[in-house]
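Content type PDB, C-alpha atoms, pLDDT in the B column, from the file final-v8.pdb:
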```pdb
ATOM      1  CA  MET Z   1      85.443 107.551  80.860  1.00 91.00           C
ATOM      2  CA  THR Z   2      86.851 110.432  78.911  1.00 95.00           C
ATOM      3  CA  ASN Z   3      90.386 110.449  77.529  1.00 96.00           C
ATOM      4  CA  ASN Z   4      91.229 113.327  79.870  1.00 97.00           C
ATOM      5  CA  ASP Z   5      89.975 111.353  82.882  1.00 97.00           C
ATOM      6  CA  ILE Z   6      92.103 108.321  81.941  1.00 97.00           C
ATOM      7  CA  PHE Z   7      95.099 110.612  81.373  1.00 97.00           C
ATOM      8  CA  ARG Z   8      94.626 112.356  84.757  1.00 97.00           C
ATOM      9  CA  ARG Z   9      94.328 109.047  86.611  1.00 96.00           C
ATOM     10  CA  ILE Z  10      97.475 107.601  85.010  1.00 97.00           C
ATOM     11  CA  ARG Z  11      99.383 110.791  85.746  1.00 96.00           C
ATOM     12  CA  TYR Z  12      98.340 110.737  89.409  1.00 96.00           C
ATOM     13  CA  THR Z  13      98.882 106.990  89.906  1.00 96.00           C
ATOM     14  CA  PHE Z  14     102.425 107.067  88.537  1.00 96.00           C
ATOM     15  CA  ASP Z  15     103.214 110.543  89.948  1.00 95.00           C
ATOM     16  CA  LEU Z  16     104.234 111.873  86.533  1.00 96.00           C
ATOM     17  CA  LYS Z  17     105.340 115.489  86.291  1.00 96.00           C
ATOM     18  CA  ASP Z  18     104.431 117.623  83.264  1.00 95.00           C
ATOM     19  CA  ASN Z  19     108.001 117.563  81.886  1.00 95.00           C
ATOM     20  CA  THR Z  20     108.053 113.749  82.245  1.00 96.00           C
ATOM     21  CA  ILE Z  21     104.794 113.564  80.290  1.00 97.00           C
ATOM     22  CA  VAL Z  22     106.338 115.669  77.510  1.00 97.00           C
ATOM     23  CA  ASP Z  23     109.251 113.167  77.471  1.00 96.00           C
ATOM     24  CA  ILE Z  24     106.805 110.232  77.315  1.00 96.00           C
ATOM     25  CA  PHE Z  25     105.139 111.737  74.247  1.00 96.00           C
ATOM     26  CA  ALA Z  26     108.613 112.206  72.729  1.00 95.00           C
ATOM     27  CA  LEU Z  27     109.265 108.463  73.157  1.00 94.00           C
ATOM     28  CA  ALA Z  28     106.239 107.916  70.883  1.00 93.00           C
ATOM     29  CA  GLU Z  29     107.749 110.463  68.475  1.00 92.00           C
ATOM     30  CA  VAL Z  30     104.980 112.983  69.134  1.00 94.00           C
ATOM     31  CA  SER Z  31     105.789 116.550  70.095  1.00 95.00           C
ATOM     32  CA  VAL Z  32     103.673 118.239  72.777  1.00 96.00           C
ATOM     33  CA  THR Z  33     104.282 121.248  74.978  1.00 96.00           C
ATOM     34  CA  GLN Z  34     103.870 121.669  78.720  1.00 96.00           C
ATOM     35  CA  PRO Z  35     100.967 124.134  78.209  1.00 95.00           C
ATOM     36  CA  GLN Z  36      99.162 121.437  76.150  1.00 96.00           C
ATOM     37  CA  VAL Z  37      99.664 118.913  78.955  1.00 96.00           C
ATOM     38  CA  THR Z  38      98.426 121.426  81.520  1.00 96.00           C
ATOM     39  CA  ALA Z  39      95.304 122.140  79.437  1.00 96.00           C
ATOM     40  CA  TRP Z  40      94.499 118.397  79.215  1.00 97.00           C
ATOM     41  CA  LEU Z  41      94.833 118.089  83.002  1.00 96.00           C
ATOM     42  CA  LYS Z  42      92.457 120.962  83.820  1.00 95.00           C
ATOM     43  CA  LYS Z  43      89.039 120.228  85.279  1.00 94.00           C
ATOM     44  CA  ASP Z  44      86.264 119.879  82.693  1.00 93.00           C
ATOM     45  CA  ASP Z  45      84.567 123.120  83.725  1.00 94.00           C
ATOM     46  CA  ASP Z  46      87.766 125.210  83.544  1.00 94.00           C
ATOM     47  CA  ASP Z  47      87.917 127.710  80.663  1.00 95.00           C
ATOM     48  CA  ALA Z  48      91.451 126.553  79.779  1.00 94.00           C
ATOM     49  CA  PHE Z  49      90.378 122.865  79.569  1.00 96.00           C
ATOM     50  CA  VAL Z  50      91.152 121.129  76.254  1.00 96.00           C
ATOM     51  CA  THR Z  51      89.643 117.769  75.301  1.00 96.00           C
ATOM     52  CA  MET Z  52      92.254 115.115  74.624  1.00 97.00           C
ATOM     53  CA  LYS Z  53      91.730 113.362  71.295  1.00 96.00           C
ATOM     54  CA  ASN Z  54      91.990 109.579  70.842  1.00 96.00           C
ATOM     55  CA  LYS Z  55      95.186 109.936  68.829  1.00 96.00           C
ATOM     56  CA  GLU Z  56      96.796 111.996  71.603  1.00 97.00           C
ATOM     57  CA  LEU Z  57      95.891 109.487  74.324  1.00 97.00           C
ATOM     58  CA  ALA Z  58      97.070 106.606  72.099  1.00 97.00           C
ATOM     59  CA  ALA Z  59     100.389 108.416  71.540  1.00 96.00           C
ATOM     60  CA  PHE Z  60     100.758 108.934  75.291  1.00 97.00           C
ATOM     61  CA  LEU Z  61     100.043 105.254  75.989  1.00 97.00           C
ATOM     62  CA  ASN Z  62     102.500 104.149  73.278  1.00 96.00           C
ATOM     63  CA  GLY Z  63     105.125 106.422  74.838  1.00 96.00           C
ATOM     64  CA  PHE Z  64     104.211 105.105  78.290  1.00 97.00           C
ATOM     65  CA  ILE Z  65     104.963 101.568  77.085  1.00 96.00           C
ATOM     66  CA  SER Z  66     108.412 102.757  75.931  1.00 95.00           C
ATOM     67  CA  PHE Z  67     108.871 104.706  79.186  1.00 96.00           C
ATOM     68  CA  LYS Z  68     108.156 101.658  81.364  1.00 95.00           C
ATOM     69  CA  ARG Z  69     109.704  98.900  79.235  1.00 92.00           C
ATOM     70  CA  GLY Z  70     112.322 100.684  77.137  1.00 89.00           C
ATOM     71  CA  LYS Z  71     112.080 101.973  73.603  1.00 85.00           C
ATOM     72  CA  ARG Z  72     112.079  99.243  70.998  1.00 82.00           C
ATOM     73  CA  GLU Z  73     114.234  99.270  67.909  1.00 83.00           C
ATOM     74  CA  GLY Z  74     112.902 100.479  64.591  1.00 79.00           C
ATOM     75  CA  PRO Z  75     109.950 102.696  63.844  1.00 81.00           C
ATOM     76  CA  GLN Z  76     107.530 103.362  66.678  1.00 80.00           C
ATOM     77  CA  PRO Z  77     103.898 102.267  66.271  1.00 83.00           C
ATOM     78  CA  ALA Z  78     101.608 104.964  64.943  1.00 87.00           C
ATOM     79  CA  PRO Z  79      98.988 106.125  67.446  1.00 88.00           C
ATOM     80  CA  GLU Z  80      95.507 104.812  66.744  1.00 91.00           C
ATOM     81  CA  THR Z  81      92.817 107.291  65.733  1.00 91.00           C
ATOM     82  CA  GLN Z  82      90.074 105.115  67.206  1.00 94.00           C
ATOM     83  CA  LEU Z  83      90.540 104.056  70.810  1.00 95.00           C
ATOM     84  CA  ASN Z  84      88.317 102.087  73.170  1.00 96.00           C
ATOM     85  CA  ASN Z  85      88.611 100.901  76.773  1.00 97.00           C
ATOM     86  CA  ASN Z  86      89.856  97.468  75.692  1.00 96.00           C
ATOM     87  CA  MET Z  87      92.758  99.073  73.824  1.00 96.00           C
ATOM     88  CA  VAL Z  88      93.601 101.351  76.772  1.00 97.00           C
ATOM     89  CA  PHE Z  89      93.481  98.359  79.138  1.00 97.00           C
ATOM     90  CA  GLN Z  90      95.710  96.330  76.785  1.00 97.00           C
ATOM     91  CA  LYS Z  91      98.276  99.142  76.457  1.00 97.00           C
ATOM     92  CA  LEU Z  92      98.443  99.556  80.241  1.00 97.00           C
ATOM     93  CA  ARG Z  93      98.857  95.804  80.677  1.00 97.00           C
ATOM     94  CA  ILE Z  94     101.757  95.838  78.207  1.00 96.00           C
ATOM     95  CA  ALA Z  95     103.386  98.936  79.729  1.00 96.00           C
ATOM     96  CA  LEU Z  96     103.270  97.451  83.215  1.00 97.00           C
ATOM     97  CA  ASN Z  97     104.246  93.965  82.012  1.00 96.00           C
ATOM     98  CA  MET Z  98     101.317  92.470  83.925  1.00 96.00           C
ATOM     99  CA  LYS Z  99     100.273  88.854  83.815  1.00 97.00           C
ATOM    100  CA  ALA Z 100      96.686  87.729  84.413  1.00 96.00           C
ATOM    101  CA  ASP Z 101      97.276  87.052  88.119  1.00 96.00           C
ATOM    102  CA  ASP Z 102      98.769  90.530  88.597  1.00 96.00           C
ATOM    103  CA  ILE Z 103      95.688  92.123  87.038  1.00 97.00           C
ATOM    104  CA  LEU Z 104      93.327  89.948  89.073  1.00 97.00           C
ATOM    105  CA  ASP Z 105      95.164  91.078  92.244  1.00 96.00           C
ATOM    106  CA  VAL Z 106      94.583  94.700  91.241  1.00 96.00           C
ATOM    107  CA  PHE Z 107      90.855  94.019  90.878  1.00 96.00           C
ATOM    108  CA  GLU Z 108      90.815  92.249  94.262  1.00 95.00           C
ATOM    109  CA  ARG Z 109      92.138  95.472  95.847  1.00 93.00           C
ATOM    110  CA  VAL Z 110      88.961  97.275  94.841  1.00 95.00           C
ATOM    111  CA  GLY Z 111      86.635  94.413  95.712  1.00 95.00           C
ATOM    112  CA  LEU Z 112      85.852  93.424  92.133  1.00 94.00           C
ATOM    113  CA  PRO Z 113      86.800  89.779  91.737  1.00 92.00           C
ATOM    114  CA  LEU Z 114      87.067  88.570  88.148  1.00 95.00           C
ATOM    115  CA  SER Z 115      87.792  85.114  86.806  1.00 95.00           C
ATOM    116  CA  HIS Z 116      90.624  84.350  84.391  1.00 95.00           C
ATOM    117  CA  HIS Z 117      88.004  83.744  81.678  1.00 95.00           C
ATOM    118  CA  GLU Z 118      86.333  87.122  82.219  1.00 95.00           C
ATOM    119  CA  LEU Z 119      89.706  88.854  82.145  1.00 96.00           C
ATOM    120  CA  SER Z 120      90.971  87.123  79.000  1.00 96.00           C
ATOM    121  CA  ALA Z 121      87.775  88.126  77.164  1.00 96.00           C
ATOM    122  CA  PHE Z 122      88.872  91.784  77.362  1.00 97.00           C
ATOM    123  CA  PHE Z 123      92.114  91.040  75.502  1.00 96.00           C
ATOM    124  CA  ARG Z 124      90.637  89.047  72.627  1.00 95.00           C
ATOM    125  CA  LYS Z 125      90.082  90.375  69.122  1.00 94.00           C
ATOM    126  CA  PRO Z 126      86.645  91.950  68.648  1.00 94.00           C
ATOM    127  CA  SER Z 127      85.803  89.297  66.051  1.00 95.00           C
ATOM    128  CA  HIS Z 128      86.360  86.462  68.566  1.00 95.00           C
ATOM    129  CA  LYS Z 129      83.180  84.849  69.877  1.00 95.00           C
ATOM    130  CA  ASN Z 130      84.278  85.297  73.525  1.00 94.00           C
ATOM    131  CA  TYR Z 131      85.334  88.955  73.145  1.00 95.00           C
ATOM    132  CA  ARG Z 132      83.902  91.223  75.823  1.00 96.00           C
ATOM    133  CA  GLU Z 133      83.747  94.990  75.720  1.00 96.00           C
ATOM    134  CA  CYS Z 134      85.582  96.654  78.596  1.00 96.00           C
ATOM    135  CA  LYS Z 135      83.028  98.984  80.174  1.00 96.00           C
ATOM    136  CA  ASP Z 136      83.988 102.215  81.934  1.00 96.00           C
ATOM    137  CA  GLN Z 137      83.406 100.623  85.348  1.00 97.00           C
ATOM    138  CA  ILE Z 138      86.012  97.904  84.688  1.00 97.00           C
ATOM    139  CA  LEU Z 139      88.666 100.357  83.451  1.00 97.00           C
ATOM    140  CA  ARG Z 140      87.888 102.785  86.298  1.00 97.00           C
ATOM    141  CA  ASN Z 141      88.275  99.993  88.879  1.00 97.00           C
ATOM    142  CA  PHE Z 142      91.517  98.816  87.278  1.00 97.00           C
ATOM    143  CA  LEU Z 143      92.972 102.338  87.446  1.00 97.00           C
ATOM    144  CA  LEU Z 144      91.746 102.719  91.047  1.00 96.00           C
ATOM    145  CA  GLY Z 145      93.314  99.371  91.987  1.00 96.00           C
ATOM    146  CA  LEU Z 146      96.626 100.443  90.445  1.00 96.00           C
ATOM    147  CA  GLN Z 147      96.415 103.692  92.366  1.00 95.00           C
ATOM    148  CA  ARG Z 148      95.817 101.831  95.641  1.00 94.00           C
ATOM    149  CA  GLN Z 149      98.716  99.499  94.863  1.00 93.00           C
ATOM    150  CA  LEU Z 150     101.214 102.204  93.891  1.00 91.00           C
ATOM    151  CA  ARG Z 151     100.030 105.141  96.038  1.00 87.00           C
ATOM    152  CA  PRO Z 152      98.287 103.648  99.055  1.00 82.00           C
ATOM    153  CA  SER Z 153      96.434 106.027 101.314  1.00 76.00           C
ATOM    154  CA  PRO Z 154      96.702 105.558 105.104  1.00 69.00           C
ATOM    155  CA  ASP Z 155      93.277 103.850 104.984  1.00 66.00           C
ATOM    156  CA  ASP Z 156      94.544 101.224 102.521  1.00 55.00           C
ATOM    157  CA  VAL Z 157      97.724 100.224 104.361  1.00 51.00           C
ATOM    158  CA  GLY Z 158      96.213  97.930 106.990  1.00 48.00           C
ATOM    159  CA  SER Z 159      93.479  96.478 104.802  1.00 47.00           C
ATOM    160  CA  GLU Z 160      95.694  94.129 102.775  1.00 47.00           C
ATOM    161  CA  PHE Z 161      95.924  91.421 105.431  1.00 37.00           C
TER     162      PHE Z 161
END
```

As structure tokens, what does this structure read like?
Amino acid sequence: MTNNDIFRRIRYTFDLKDNTIVDIFALAEVSVTQPQVTAWLKKDDDDAFVTMKNKELAAFLNGFISFKRGKREGPQPAPETQLNNNMVFQKLRIALNMKADDILDVFERVGLPLSHHELSAFFRKPSHKNYRECKDQILRNFLLGLQRQLRPSPDDVGSEF
């Protein structure tokens, strides 16, 4: 998944307006403009499309954590220059204050059952022997499950029971 795709999906799932996104970046002490946000949200084949860099997505996710949980005291964490799906997944888990069972419920919504062991492997350090790389399919399904949970379509409403 591209950074822009992750960014678009988070924006849609949480119904974030462009000015709110600018405020979220400000919480991470990063200054962006509404035209920058609009360019990141364009379709890939649009002439005005701008690729979102890892550092920009990391700054957004850091700000999103502050947006959802409140800004912490002291200096804000610096955005990472290298970002992978495991880090994105971890930042979303922190921002949404999700426990393992909450995340497993999200995966159940999209028909992708995971065990506690499989899930915990995504949040381990890369040097740990049980670390598992979070593939695009896992992150995509997690974001889709969140979307179905927070913005259910009429098709999803009756399917929970």

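Run against this file, the PyMOL selection byres ((chain Z and resi 81-94) around 7) gives back Asn54, Lys55, Leu61, Ile65, Pro79, Glu80, Ala95, Leu96, Asn97, Met98, Phe122, Phe123, Glu133, Cys134, Lys135 and Leu139 of chain Z.
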
Could you give me, as a PyMOL selection string, the residues that have an atom at most 10 Å away from the point (111.9, 105.0, 73.3) in the coordinates of the file, using all atoms listed in the file?
chain Z and resi 23-29+62-76

In Å, with one decimal, what is the gap from atom CA of Leu146 of chain Z to atom CA of Leu114 of chain Z?
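The value is 15.4 Å.
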
Where's the centre, and what are the edge lengths in Å to one decimal, of a box along x, y and z enclosing all listed atoms of segment 30-47 of chain Z padded 8 Å per side, as AutoDock Vina command-line options?
```
--center_x 95.2 --center_y 120.3 --center_z 77.2 --size_x 37.2 --size_y 30.7 --size_z 32.1
```

From the options Z:Ile138, Z:Leu112, Z:Leu150, Z:Leu57, which residue's atoms come nearest to Val32 of chain Z, counting all atoms listed in the file?
Z:Leu57

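Between Lys42 of chain Z and the residues Z:Asn4, Z:Asn130, Z:Gln149, Z:Gln137, the shortest atom-to-atom distance, using all atoms listed in the file, involves Z:Asn4.
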
In Å, rounded to a single decimal, give me how far atom CA of Gln36 of chain Z is from atom CA of Phe49 of chain Z.
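So the two atoms, atom CA of Phe49 of chain Z and atom CA of Gln36 of chain Z, lie 9.5 Å apart.
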
Measuring between only C-alpha atoms, which one of Z:Phe60, Z:His116, Z:Ala78, Z:Lys53 shows the shortest distance to Ile10 of chain Z?
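Of the candidates, the smallest distance to Ile10 of chain Z is held by Z:Phe60.
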
Do you have the atom CA of Pro77 of chain Z-atom CA of Asp101 of chain Z distance handy?
27.4 Å

As a check of understanding, name the residues that the PyMOL selection byres ((chain Z and resi 113) around 12) selects in the supplied structure, as a PyMOL selection string.
chain Z and resi 101+103-112+114-119+138+141-142+145

Run the PyMOL selection byres ((chain Z and resi 18) around 12) against the file shown and list the residues it catches, as a list in words.
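Applied to this file, the PyMOL selection byres ((chain Z and resi 18) around 12) selects Phe7, Arg8, Arg11, Tyr12, Phe14, Asp15, Leu16, Lys17, Asn19, Thr20, Ile21, Val22, Asp23, Ile24, Phe25, Val32, Thr33, Gln34, Pro35, Gln36, Val37, Thr38, Ala39, Trp40 and Leu41 of chain Z.
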
Pick from Z:Ser120, Z:Ser153, Z:His128, Z:Met52, whichever lies nearest to Lys99 of chain Z using all atoms listed in the file:
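Closest to Lys99 of chain Z, using all atoms listed in the file: Z:Ser120.
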